[in-house]
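Read the structure below first, then the notes.
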Amino acid sequence: RTCEVAMADIEQVVRSEKDKEKSVAMTGRALRLWKLKLKSRLVECWRVRNTWRTPRYLGVVLVLALFLVSSFVWRISDVDPSYCKATPSRTVASQEKFTIVVNTFKRQERLVKSIRHYSRCPAVDAIRIVWSESLTPPRELASLSTLPVIFDVHEKNSINNRFLPLENVRTEGIFNVDDDILVDCSSLYFGFQTWRTARDTLVGYNPRIHSKSRGECKYNYKQWWHVWWGGSYSIVLTKAAFSHHKYFREYTENLPRSVWDHVHKNKNCEDIAMQFMVSNLTGLPPVWVQGSYSDSGVIDFKGGISTGANHYDKRSECVTKFVDMFGGMPLVESSVVAAPMSRWTPMKTPPAVWEWIHKI
């Protein structure tokens with residue numbers, strides 16, 4: 001309305017100036033004053049019109065922003081986690097937990113750290129210690145945890161002891177780990193979730209690959225760099241891996257005796273033997289899980305197995321001999337990597353952008 005008044009004033013000025021023009025000749029100064037008045041009225045009219053239109057455009061922007069925000073909220077809250085949440089039965093509850101089996105030998109300070117660390121992790125039912133040092137284990141270490149800490153004492157010292165069947169175990173899932181490996185609790189739980197989708201194979205954090213030498217019946221054990229470069233693996237190490245407890249009995253009772261003896265004699269390659277056995281039974285490759293962990297064994301100067309001389313040559317020899325003992329090569333290569341969705345972004349996974357648009 002202010003603009004309409006301004007236009008009426010302009011028309012009145014024009015009429016009055018025309019009347020003056022009829023009566024007396026307009027001087028140059030009066031003409032300039034008339035132009036200035038006209039210009040100021042037009043500027044005022046333009047300002048008034050734009051201040052009247054601004055809220056309308058701002059409203060459109062606000063409505064559009066509200067629509068996008070509400071669409072985003074709808075997208076991420078599509079499923080109510082508390083809707084129809086059933087109470088798990090006793091069997092399901094046992095399957096939703098796992099048992100940690102710690103392999104240790106004369107490194108009590110690392111065992112203490114291991115017990116304290118894994119006691120804080122979710123879904124852990126109990127901690128079992130593979131004890132082959134003496135008949136009197138330090139049972140007082142059980143006070144370090146609110147979880148059951150059970151020492152499985154073995155009279156005979158053998159690296160195969162880590163796969164002996166456990167008495168009174170309450171879970172099917174077993175996390176095999178060395179005392180120098182501390183897997184982050186969130187990574188550990190994600191590994192357990194991954195194993196629940198692939199219960200018949202090994203699921204672990206340390207992939208390795210084998211290869212065959214050209215022109216000779218010899219196999220090579222390759223370390224991590226070859227996995228990174230080649231993009232495939234066929235072994236996950238049981239120094240940090242999930243498995244089904246049924247494989248403990250299978251390893252103890254049905255593993256070829258020649259394989260068991262070779263592992264016992266050389267104090268090495270029990271993890272390769274387990275991978276051979278599982279792949280031979282199922283025809284499945286292992287599953288590599290990306291996770292965070294610390295490995296104090298890589299800087300072990302106290303004579304650890306993996307830091308010994310010719311370590312990789314001995315493990316290559318194990319692969320070659322196990323092929324003969326199993327009657328063929330059962331290992332299956334894979335390039336599948338399990339990673340938590342928390343690491344995904346639209347930049348890393350471009351198709352996710354289209355999923356957002358599709359949902360809207």
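Following the order of the structure tokens, first chain is A, next is B, and so on, with residues numbered from 1 inside each chain and ligands from 1 in the order they appear.
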- Per DSSP on the backbone, filter region 230-345 of chain A down to the residues in alpha helix (DSSP H) and report them as a PyMOL selection string. chain A and resi 230+246-254+257-266+270-282+311-326
Mind running region 183-245 of chain A against region 270-294 of chain A at 8 Å and telling me each contacting residue's nearest atom pair with the distance in Å (one decimal), counting only C-alpha atoms, chain and number ascending, as CSV?
residue,atom,partner,partner_atom,distance
A:Val183,CA,A:Tyr293,CA,4.1
A:Asp184,CA,A:Tyr293,CA,5.4
A:Ser187,CA,A:Gly291,CA,4.9
A:Leu188,CA,A:Gly291,CA,7.6
A:Gly191,CA,A:Val289,CA,6.2
A:Thr194,CA,A:Val289,CA,7.8
A:Asp200,CA,A:Thr282,CA,7.3
A:Thr201,CA,A:Pro286,CA,5.7
A:Leu202,CA,A:Pro286,CA,4.9
A:Val203,CA,A:Val287,CA,4.7
A:Gly204,CA,A:Trp288,CA,5.3
A:Tyr205,CA,A:Val289,CA,5.1
A:Asn206,CA,A:Trp288,CA,7.0
A:Pro207,CA,A:Trp288,CA,6.2
A:Ser234,CA,A:Pro285,CA,6.2
A:Ile235,CA,A:Gln275,CA,6.3
A:Val236,CA,A:Pro286,CA,6.3
A:Leu237,CA,A:Asp271,CA,5.7
A:Thr238,CA,A:Asp271,CA,5.3
A:Lys239,CA,A:Asp271,CA,7.6
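Among the candidate residues A:Asn176, A:Ser296, A:Asn254, A:Asn268, the one lying nearest to Phe326 (chain A) is A:Asn254, with distances computed using only C-alpha atoms.
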- Using backbone DSSP assignments, extract all strand (DSSP E or B) residues from region 142-344 of chain A; output them as a PyMOL selection string. chain A and resi 149-153+173-178+181-183+203-204+207-212+219-222+233+235-236+240-244+287-289+293-295+334+337-338
- CA of Ile174 (chain A) and CA of Val112 (chain A), how far apart in Å? 19.9 Å
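The closest residue to Ser335 (chain A), picked from A:Pro256, A:Gly297, A:Pro137, A:Gly230 and counting only C-alpha atoms, is A:Gly230.
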